[in-house]
Structures are given as C-alpha cells and as structure tokens.
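This report refers to the structure that appears directly beneath it.
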Amino acid sequence: HPSAMAAHGRGQRTLSFTMETVKGDAPPPSVQQPTPVFPVMEQKPLPLTGGEEAEYLLALKQDFRGAMRSLPFSPVLPVSCPDVERYSDKYNRSEQMDKLLDWAPDWKRFPRELRVHVRKPARDSQYTLYSDYTPCNQVMMKKKGVKDKEEVLLKLESLEKKEEQETSEDEEGETKKKQEEEEAEGEEEYDEEEFEEETDYIMSYFDNGEDFGGDSDDNMDEAIY
Amino acid sequence: MTAQEVRLCGLLLQEHFGEVVEKVGTHLLKSGAQNLRTIIHETGLSVDLVKKSLCVLVQHGATTFSSGRKGLGSPTEYHTSCDRILRILRYPRYIYTAKTLYGDTGELIIEELLQRGHTTMSSTVKTVADRLTQNMAEGRTMDYTEVSSTFSKLVETHFLQRCPPLPGVGNKDSSAPIETPATPGTPAAPVNTAPPTPESFPECYKVPSVTLIGRGKRQLASEDGEEQRSAKRAKMDPETHGDEGIYWQVNFERFHLHFRDQTIISAVANKLDQTSSEIVRTMLRMSEVTTSPMATCTKPLSANEIFRSLPPSYNILRPILDQYLTLLVDDPMEFVGKAGESGGGMFVVNLHRALANLARATLESVVQERFGSRSARIFRLLLRKRHLEQKQVEDFAMIPAKEAKDMLYTLLSQNLVQLQEIPKTPDYAPSRTFYLYTVNQLPTARMLLQNCYKTVANLIERRLFETKESKRLLEKSQRIEAILASLQASGAEPEQLTEVEEMITAPEKQQLDTLRLHINKLDSAENQVDETIFLLESYINSTNASS
C-alpha cells in the first residue's frame, strides 16, 4: 500500500489504510459532508430534572437576565439616522440617557484613558449636576459658563466638519490626548481646554469633575517622592 | 480558549450586557491583550462605545488591564478571559447556594454583587436592605446592621473577597522610582504581566469598619418620575461610611469548593445511603478549614475525631460508624480512603479521586444514553481493561462479533474510543500489527466539556430565536400587563379589568403559554448542562493541579 509506506516510521500517524486489510470488514464509510444540522436522535433524551430547586434556579436565571436589562451596563449603538422620525424615538432615547447617567463609577479603579464623558441631553442644564461637587471644581465651572455661547457655535461648526472628517483623525486626536495626559499630568486643566479647541471632541461631553478628585490624590502621592 | 468557548461567551455577554459589549468582549477574547487604540480600530466602533464597554467589562471583572507589558510607558492593555465570562452561566447556582446558607439576605447580597460587579460594602448593604424592606409587610423594615452582619459572615467564610488593589493605578507612583535605574533604552522587564490573585493580599478577607446606621427604605410607588429622580440623586449623595475605595467581589473558587463537597456528599447518598453521606459530610466539614483548596485529599481524621464531631441527631453508634467507614473505604468509587491505623483508623476524603470517578461515571452515562447500554458495556470494559483487541472486546463484552464491531466503530468515529496500533515489525504491515482499542479519560472529558459548551450555546441561540419569533406577541402581553397593573392600582372596576384582559385572544394566549413552556425548558436545560460542565471542569482542573 503506497500511502501506508509513505507514512510509516512516525509514531503518531493516522490510519492510512482501510480496515478491510485488518479483519476483512469495512468500517463505516468515511463521511465527506458536514454532519446534518439537526441529526436524527436515536435515543430519546432523558427528561430534565424538575423539583423545587430546579424551579427556583430557573426563576433566578430569568430574573437575573431581566434585572441586567434595567441596569446601566448595556451601552447601545446610537440609532443611525432613522428613516422616519417616530413619536417613540424621543422616549426611547431619553430612557437610555437616564440609564447611562445612573452609573457613576469610581474612576480610580479604571485606567485613566477610559474615563468616559457622558453626553448630557441638551435640554438638561449642565450646571445642576455640578452643584454637589467640591469647590476645587468651581474654577472649571466658571470657565464653562463663559464659554457656553462659544461652545454652541463651535458645536455647530464641528458638526459640519465632522461629516468630512475621517476616523483616522479621531484616532489621532485620541492618541494625542493620551500622550499629553501622560506627559503633563499636573496640568490637566490646561490640557482639557486645549483639547476643546483642538479636537472638538470633548466639548459636547459632560465632565463630572471626578477626574480632579483623582488627580489631586495622584499629585499628593507624587509630592511625597 | 476554543471556538466553542468564545461563541458561548459572546452569547452570554450579549444577553447580559447587550450587543456592543459583546462585540468588544468577543474581539478581546479572540485577539488577546490589546490596547485601546487597537480595539477601537479593529472593532470599528466609536471611541465612546468602546470605552463604555471596557468600563462595563472591567466593572464586572471580565476584563483586566495592565500597563507597561511592552516596556515602561507603553499603553494600557486590556485582557479578557473566557473563564470569568462562562461563570455567568452559574450565577443562579451561586445565588441559590447563598440563599440556602445565609437566607434571603445572603441571596440578595450575592445577587447584587453579581449584577453590579465590584461594589462597596456600604452600597450593597443599603440596596439589599431596601430590597428586603420592599418585600416585607407594611410597617416593617430591615435594619442595615442585620444585612452588614450577613455580609461579614459571607466574608468570614470566604464567599466574598476584596477586589485586589489595581496594578498600575494604585502602585504606579510607588513603582516608578524603582523602575528609573533601569536603562531607559532597553525594553524594561515586563511589569505586572500577571494580575495578582486576590488572595495574595493580606487584607483580602478583612471587613472594614463601616458606619452604617439606618433601615431599609420603602420606595413609594409614585407615578411622579421627578420625585423618583430626586430620590435617586439623594441616594447618590456623597455620604461617607468609612469603606470608600474598598470593593468586593464574589469568590467563585470558594463557591466551587462548596459545590464540589456537595456533589461528593450527594453522590455518596445516591450510591450508598443517607447515613454514609452524613458521615462524609461531617468529615468534609471538619476539614473545611484545614485543607487547602487544591489538595488531592483532606487531612487525615481519626475515627474517634469523626465520631465526636458527628451531630448527635444522626444517632450513629461507634461500632456502626466503624462499619460505615469500612464500607466507604471498600466502595469502588473510592470517596473515602484509609490513611493509617492509629486513633481507631485514620480516614481521608479522596477529593480528586472522587472527582475523577464522578467524571468517569458521567462519561459512561453519556455513552449509555446516546449509544445504548451495550455500547456502554464496551466503553466500561475498555475503561477497566485499558487496552483490548477487537476480538477480546467481543468476547469480554459477550456481544456478537458483528454488533460489537459496529458499536466499536461508532464509538471510534465519535472519538470516545481511541485506536492504538502496535507493530510487530517496523514496516507497520497491517497483518503484523496489534490494533488495541482504548479509552483516554482525560481527553474524552475535555471533548465532552467542549460539547457541553456547544450545547449551551445552541440552547441560548434557540431561546433567542423563539423569543424573536414571538416578539410582537410578547410586547403586546407586556403592554397589557402594564395597563392592568396601573388600572388595578387606581382601583378600576372589575369589568374594566376583564375587558383589558380580553385584548389577548384565546389562540394568542395559547401561543404565549407554549412559548413560555419552551423558554422555561431551554433555560432549565442550560442550568442543568452547567452542572455537568462544573463536574468536568473540576475534574480537568484537579488533574492540572496534581500533575
């Protein structure tokens, strides 16, 4: 048998000859097609075990799935230019926004680069949320106030630009941001401003100011060394 | 990780965190550790969505991050592991176990932690107290201290643990000066490549002193959304409880040890009887603290010690205990072994042996249920005799040659049985070669485990399909239920209620009932396949540990 000859000498080789040569009986013919999607079941499967425990586990499973939907852990793709404006759109969107705002993670436990600035719906005033933050952010607030009108104009402009912009540009901005952050950790506030002008990206986002709490901690640590 | 594991992880992520997180998670699983920029580029999602998804994954412990793997200052890399995501499948069992051990409070604590990922003790206690109060009779409330004490108990018994301090974030400043002496040009030795295990920190099981005074609050059923919003905001108010920055997670390994012990106990009860299972239970409980998680067997216990520790309610006399122990040692499943003669006989529970034997029994029953009892006889025969020629199989199994051959070939084609050839001469001439059939338990268990993952993924897929098919109907019934609830709350007339109820026609109702039946069946099946998955995983892990 030529194929048998070719393969010999290796320890882990496959059977390269038919079973006929061994015992005179052929094994089941080798299958060339993929197995059927729903193969015939020769044996009837056993029924599932029932009982109180199984029922409770089932309920827990289904409740858990339901509960996860109401928690703010499912970012959704923005609805890309709906064909027709629907009455329900408004409600669907506002619901999503509310969920996102509910989650205020402790940013100290996440990499710096992940700090997402949650977009505030325009109708909500930006300042109500600042009210309960520490005085160290007040400077920031003031700046925002002054810039408010400018921002609106800039935003309109940026939206126009955005259509022409390529994704690569976005990324460039991203890396630039990262680099700068690493280079000048202490001057975060200054950087932030610069970005607003440079990239148009962060402008429309709400910064909850927690970065600054974290930063001041970091700076303290640095000061020790 | 295999394709089956990735597929199942994707489905689990999708079900619990939505499609966006699923896309990011699956991408990370397939590509290994990556930095943010690459993830954004390769998934084609927006920066914002990727960041948010990564936050969700990190929050739930599915993704870890580390910086400086490729030298100092290289971007943070994200790494996702299948193991953690597959645990989602077992969530109901963790919650149920907490309920059996620590009541409703324990149940809700574990459930909260699983739903919200890493959280602080104070926020968990508050939410749980509120939820418990919600379910209590009017006028009664749950005290925070009561929930706190259950939380502490869960930590004491290691079912909960602190999340390890973050590498790179907390230690970054302290590690920087150490790093500077290294020549900056050469890529520095990988820093923090493997995230430290939670147990490597001394404070892992230390409960911080938390100042939490108050009782659970009942959420008022008000239609005024604004009021609820302000209540929510009030809840988020920065109150300090003294445990800020200390985050907790569920210790799955501890739960798995508990599951393993329970599996062994119930196996003894099924194989022998209730009394022997109580003896094994006592032995396991005695060695819970003294035995390390990866030990192959428990620390030896003398018959005297076991006798003293038996709960008096069992009513087992000393000579009877000795008889039972002898019986257990003689049993072929080898759950209990004898380690010496001193102290009236020293006994151990063979943890890994038990897992191996239970896994083998699982393999046998899979063969039996899928290929019939006579195929199972051949399978068992091969397991016991290791290597057999075809003729020997026919003879020992006492099955006619033609049928035995057929069964062997079927098992061979399903990869449950392997064929080994031993040539008498170096030319591998078939006529001068022995063909020995054999069963390799460990690879077969691995294969079966993959099949289980595939099964669960198929079950989920089917469930999603069924739900999608009747989406409209489900939405309708949900709407009607909502209307009914609001009508009932406003004290509507019974005629009005029946009128609304009748908006779902009889055939629609029937369709809904069958749908619910199917979905329940599929969900239950997922739970039960996971029990097999647990056993096989434990067995495979135990062989890794002992080798």
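Naming works like this for the structure tokens: A, B, ... for the chains as they're shown, residue 1 at the start of each chain, ligands 1 onward in shown order.
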| query | Could you pull out all residues of region 317-391 of chain B with a DSSP call of strand (DSSP E or B) and give them as a ChimeraX atom specification? | reply | /B:336-340,346-349,388-389
Using all heavy atoms, can you write the selected residues to a file as a JSON list (two decimals), in the first residue's frame?
[["chain", "number", "residue", "atom", "x", "y", "z"],
["B", 336, "VAL", "N", -13.80, 7.63, 50.09],
["B", 336, "VAL", "CA", -13.08, 7.72, 51.35],
["B", 336, "VAL", "C", -11.92, 6.73, 51.31],
["B", 336, "VAL", "O", -12.05, 5.63, 50.78],
["B", 336, "VAL", "CB", -14.02, 7.38, 52.53],
["B", 336, "VAL", "CG1", -13.26, 7.33, 53.84],
["B", 336, "VAL", "CG2", -15.13, 8.41, 52.61],
["B", 337, "GLY", "N", -10.78, 7.17, 51.78],
["B", 337, "GLY", "CA", -9.61, 6.31, 51.82],
["B", 337, "GLY", "C", -9.10, 6.16, 53.23],
["B", 337, "GLY", "O", -9.40, 6.98, 54.10],
["B", 338, "LYS", "N", -8.30, 5.10, 53.43],
["B", 338, "LYS", "CA", -7.74, 4.88, 54.76],
["B", 338, "LYS", "C", -6.29, 5.30, 54.74],
["B", 338, "LYS", "O", -5.53, 4.91, 53.85],
["B", 338, "LYS", "CB", -7.86, 3.40, 55.12],
["B", 338, "LYS", "CG", -7.70, 3.14, 56.60],
["B", 338, "LYS", "CD", -8.22, 1.76, 56.96],
["B", 338, "LYS", "CE", -8.32, 1.62, 58.48],
["B", 338, "LYS", "NZ", -8.85, 0.30, 58.85],
["B", 339, "ALA", "N", -5.92, 6.16, 55.69],
["B", 339, "ALA", "CA", -4.56, 6.69, 55.67],
["B", 339, "ALA", "C", -3.68, 6.11, 56.76],
["B", 339, "ALA", "O", -2.49, 6.37, 56.81],
["B", 339, "ALA", "CB", -4.60, 8.21, 55.80],
["B", 340, "GLY", "N", -4.24, 5.32, 57.66],
["B", 340, "GLY", "CA", -3.43, 4.75, 58.74],
["B", 340, "GLY", "C", -4.31, 4.01, 59.72],
["B", 340, "GLY", "O", -5.54, 3.98, 59.56],
["B", 346, "MET", "N", -7.27, 6.03, 60.54],
["B", 346, "MET", "CA", -7.25, 7.40, 60.02],
["B", 346, "MET", "C", -7.91, 7.40, 58.64],
["B", 346, "MET", "O", -7.60, 6.56, 57.80],
["B", 346, "MET", "CB", -5.80, 7.90, 59.88],
["B", 346, "MET", "CG", -5.02, 7.91, 61.17],
["B", 346, "MET", "SD", -5.64, 9.12, 62.34],
["B", 346, "MET", "CE", -4.86, 10.58, 61.74],
["B", 347, "PHE", "N", -8.79, 8.37, 58.43],
["B", 347, "PHE", "CA", -9.53, 8.38, 57.17],
["B", 347, "PHE", "C", -9.40, 9.73, 56.47],
["B", 347, "PHE", "O", -9.27, 10.77, 57.12],
["B", 347, "PHE", "CB", -11.00, 8.06, 57.42],
["B", 347, "PHE", "CG", -11.20, 6.68, 57.96],
["B", 347, "PHE", "CD1", -11.24, 6.45, 59.34],
["B", 347, "PHE", "CD2", -11.32, 5.60, 57.11],
["B", 347, "PHE", "CE1", -11.40, 5.18, 59.85],
["B", 347, "PHE", "CE2", -11.48, 4.31, 57.61],
["B", 347, "PHE", "CZ", -11.52, 4.10, 58.99],
["B", 348, "VAL", "N", -9.44, 9.67, 55.16],
["B", 348, "VAL", "CA", -9.43, 10.90, 54.36],
["B", 348, "VAL", "C", -10.55, 10.83, 53.33],
["B", 348, "VAL", "O", -11.02, 9.74, 53.00],
["B", 348, "VAL", "CB", -8.09, 11.09, 53.60],
["B", 348, "VAL", "CG1", -6.95, 11.33, 54.55],
["B", 348, "VAL", "CG2", -7.82, 9.91, 52.68],
["B", 349, "VAL", "N", -10.98, 11.98, 52.85],
["B", 349, "VAL", "CA", -11.88, 12.01, 51.70],
["B", 349, "VAL", "C", -10.99, 12.27, 50.48],
["B", 349, "VAL", "O", -10.26, 13.26, 50.44],
["B", 349, "VAL", "CB", -12.93, 13.12, 51.83],
["B", 349, "VAL", "CG1", -13.87, 13.12, 50.63],
["B", 349, "VAL", "CG2", -13.73, 12.96, 53.11],
["B", 388, "LEU", "N", -7.57, -3.29, 24.67],
["B", 388, "LEU", "CA", -8.13, -4.58, 24.24],
["B", 388, "LEU", "C", -8.14, -4.65, 22.72],
["B", 388, "LEU", "O", -8.36, -3.65, 22.05],
["B", 388, "LEU", "CB", -9.57, -4.73, 24.74],
["B", 388, "LEU", "CG", -9.80, -5.02, 26.22],
["B", 388, "LEU", "CD1", -11.29, -5.10, 26.49],
["B", 388, "LEU", "CD2", -9.12, -6.30, 26.66],
["B", 389, "GLU", "N", -7.91, -5.86, 22.23],
["B", 389, "GLU", "CA", -8.06, -6.08, 20.79],
["B", 389, "GLU", "C", -9.54, -6.27, 20.49],
["B", 389, "GLU", "O", -10.33, -6.59, 21.37],
["B", 389, "GLU", "CB", -7.27, -7.33, 20.38],
["B", 389, "GLU", "CG", -5.80, -7.05, 20.18],
["B", 389, "GLU", "CD", -5.11, -8.19, 19.50],
["B", 389, "GLU", "OE1", -4.78, -9.17, 20.19],
["B", 389, "GLU", "OE2", -4.94, -8.13, 18.27]]
| task | Define the interface residues of chain A facing chain B as those within 6 Å, counting only C-alpha atoms, and report them as a list of chain:residue names. | result |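 Every residue meeting the condition is included here: A:Val22, A:Gln43, A:Leu57, A:Leu58, A:Leu60, A:Lys61, A:Met68, A:Phe73, A:Ser74, A:Leu114.
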Can you write out the residues you just picked, keeping all heavy atoms, as an mmCIF file, in the first residue's frame?
data_model
loop_
_atom_site.group_PDB
_atom_site.id
_atom_site.type_symbol
_atom_site.label_atom_id
_atom_site.label_comp_id
_atom_site.auth_asym_id
_atom_site.auth_seq_id
_atom_site.Cartn_x
_atom_site.Cartn_y
_atom_site.Cartn_z
ATOM 1 N N VAL A 22 -7.332 -5.429 7.681
ATOM 2 C CA VAL A 22 -7.109 -5.982 9.014
ATOM 3 C C VAL A 22 -7.992 -7.190 9.253
ATOM 4 O O VAL A 22 -7.509 -8.286 9.529
ATOM 5 C CB VAL A 22 -7.405 -4.940 10.104
ATOM 6 C CG1 VAL A 22 -6.900 -5.431 11.429
ATOM 7 C CG2 VAL A 22 -6.774 -3.610 9.751
ATOM 8 N N GLN A 43 -31.616 7.860 20.395
ATOM 9 C CA GLN A 43 -32.127 7.593 21.736
ATOM 10 C C GLN A 43 -32.914 8.812 22.199
ATOM 11 O O GLN A 43 -32.487 9.936 21.960
ATOM 12 C CB GLN A 43 -30.966 7.369 22.701
ATOM 13 C CG GLN A 43 -29.930 6.380 22.222
ATOM 14 C CD GLN A 43 -30.285 4.963 22.570
ATOM 15 O OE1 GLN A 43 -31.029 4.728 23.513
ATOM 16 N NE2 GLN A 43 -29.776 4.010 21.803
ATOM 17 N N LEU A 57 -34.025 27.810 40.588
ATOM 18 C CA LEU A 57 -32.864 28.198 39.776
ATOM 19 C C LEU A 57 -33.323 28.824 38.469
ATOM 20 O O LEU A 57 -32.743 29.802 37.996
ATOM 21 C CB LEU A 57 -31.980 26.982 39.501
ATOM 22 C CG LEU A 57 -31.123 26.497 40.670
ATOM 23 C CD1 LEU A 57 -30.493 25.152 40.359
ATOM 24 C CD2 LEU A 57 -30.036 27.514 40.987
ATOM 25 N N LEU A 58 -34.374 28.252 37.907
ATOM 26 C CA LEU A 58 -34.921 28.787 36.661
ATOM 27 C C LEU A 58 -35.400 30.221 36.861
ATOM 28 O O LEU A 58 -35.072 31.117 36.070
ATOM 29 C CB LEU A 58 -36.065 27.891 36.183
ATOM 30 C CG LEU A 58 -36.908 28.409 35.043
ATOM 31 C CD1 LEU A 58 -36.102 28.446 33.767
ATOM 32 C CD2 LEU A 58 -38.142 27.548 34.854
ATOM 33 N N LEU A 60 -34.479 32.298 39.193
ATOM 34 C CA LEU A 60 -33.324 33.170 39.436
ATOM 35 C C LEU A 60 -32.665 33.570 38.129
ATOM 36 O O LEU A 60 -32.295 34.719 37.920
ATOM 37 C CB LEU A 60 -32.303 32.446 40.313
ATOM 38 C CG LEU A 60 -32.562 32.404 41.804
ATOM 39 C CD1 LEU A 60 -31.520 31.547 42.497
ATOM 40 C CD2 LEU A 60 -32.505 33.820 42.382
ATOM 41 N N LYS A 61 -32.533 32.598 37.243
ATOM 42 C CA LYS A 61 -31.874 32.853 35.962
ATOM 43 C C LYS A 61 -32.636 33.894 35.157
ATOM 44 O O LYS A 61 -32.054 34.854 34.647
ATOM 45 C CB LYS A 61 -31.780 31.540 35.190
ATOM 46 C CG LYS A 61 -30.996 31.607 33.901
ATOM 47 C CD LYS A 61 -30.867 30.201 33.347
ATOM 48 C CE LYS A 61 -30.463 30.190 31.896
ATOM 49 N NZ LYS A 61 -29.157 30.776 31.673
ATOM 50 N N MET A 68 -30.638 42.637 34.601
ATOM 51 C CA MET A 68 -29.480 43.208 33.912
ATOM 52 C C MET A 68 -29.911 44.238 32.874
ATOM 53 O O MET A 68 -29.180 45.160 32.573
ATOM 54 C CB MET A 68 -28.650 42.120 33.223
ATOM 55 C CG MET A 68 -27.810 41.272 34.156
ATOM 56 S SD MET A 68 -26.840 42.216 35.329
ATOM 57 C CE MET A 68 -25.500 42.784 34.320
ATOM 58 N N PHE A 73 -25.569 48.864 32.357
ATOM 59 C CA PHE A 73 -24.353 48.245 31.852
ATOM 60 C C PHE A 73 -24.438 47.835 30.398
ATOM 61 O O PHE A 73 -23.673 47.016 29.936
ATOM 62 C CB PHE A 73 -23.981 47.032 32.711
ATOM 63 C CG PHE A 73 -23.707 47.391 34.133
ATOM 64 C CD1 PHE A 73 -24.391 46.782 35.159
ATOM 65 C CD2 PHE A 73 -22.762 48.344 34.444
ATOM 66 C CE1 PHE A 73 -24.142 47.125 36.484
ATOM 67 C CE2 PHE A 73 -22.500 48.689 35.757
ATOM 68 C CZ PHE A 73 -23.195 48.083 36.774
ATOM 69 N N SER A 74 -25.430 48.353 29.678
ATOM 70 C CA SER A 74 -25.537 47.962 28.279
ATOM 71 C C SER A 74 -25.523 49.178 27.374
ATOM 72 O O SER A 74 -26.568 49.733 27.068
ATOM 73 C CB SER A 74 -26.829 47.170 28.045
ATOM 74 O OG SER A 74 -26.955 46.177 29.005
ATOM 75 N N LEU A 114 -9.939 55.544 30.031
ATOM 76 C CA LEU A 114 -11.311 55.079 29.818
ATOM 77 C C LEU A 114 -12.367 56.069 30.291
ATOM 78 O O LEU A 114 -13.535 55.901 30.022
ATOM 79 C CB LEU A 114 -11.554 53.770 30.558
ATOM 80 C CG LEU A 114 -10.961 52.514 29.937
ATOM 81 C CD1 LEU A 114 -11.554 51.299 30.605
ATOM 82 C CD2 LEU A 114 -11.208 52.461 28.449
#
| task | Enter the distance from CA of Asp322 (chain B) to CA of Gln274 (chain B), in Å, rounded to one decimal. | result |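 Separation of CA of Asp322 (chain B) and CA of Gln274 (chain B): 15.8 Å.
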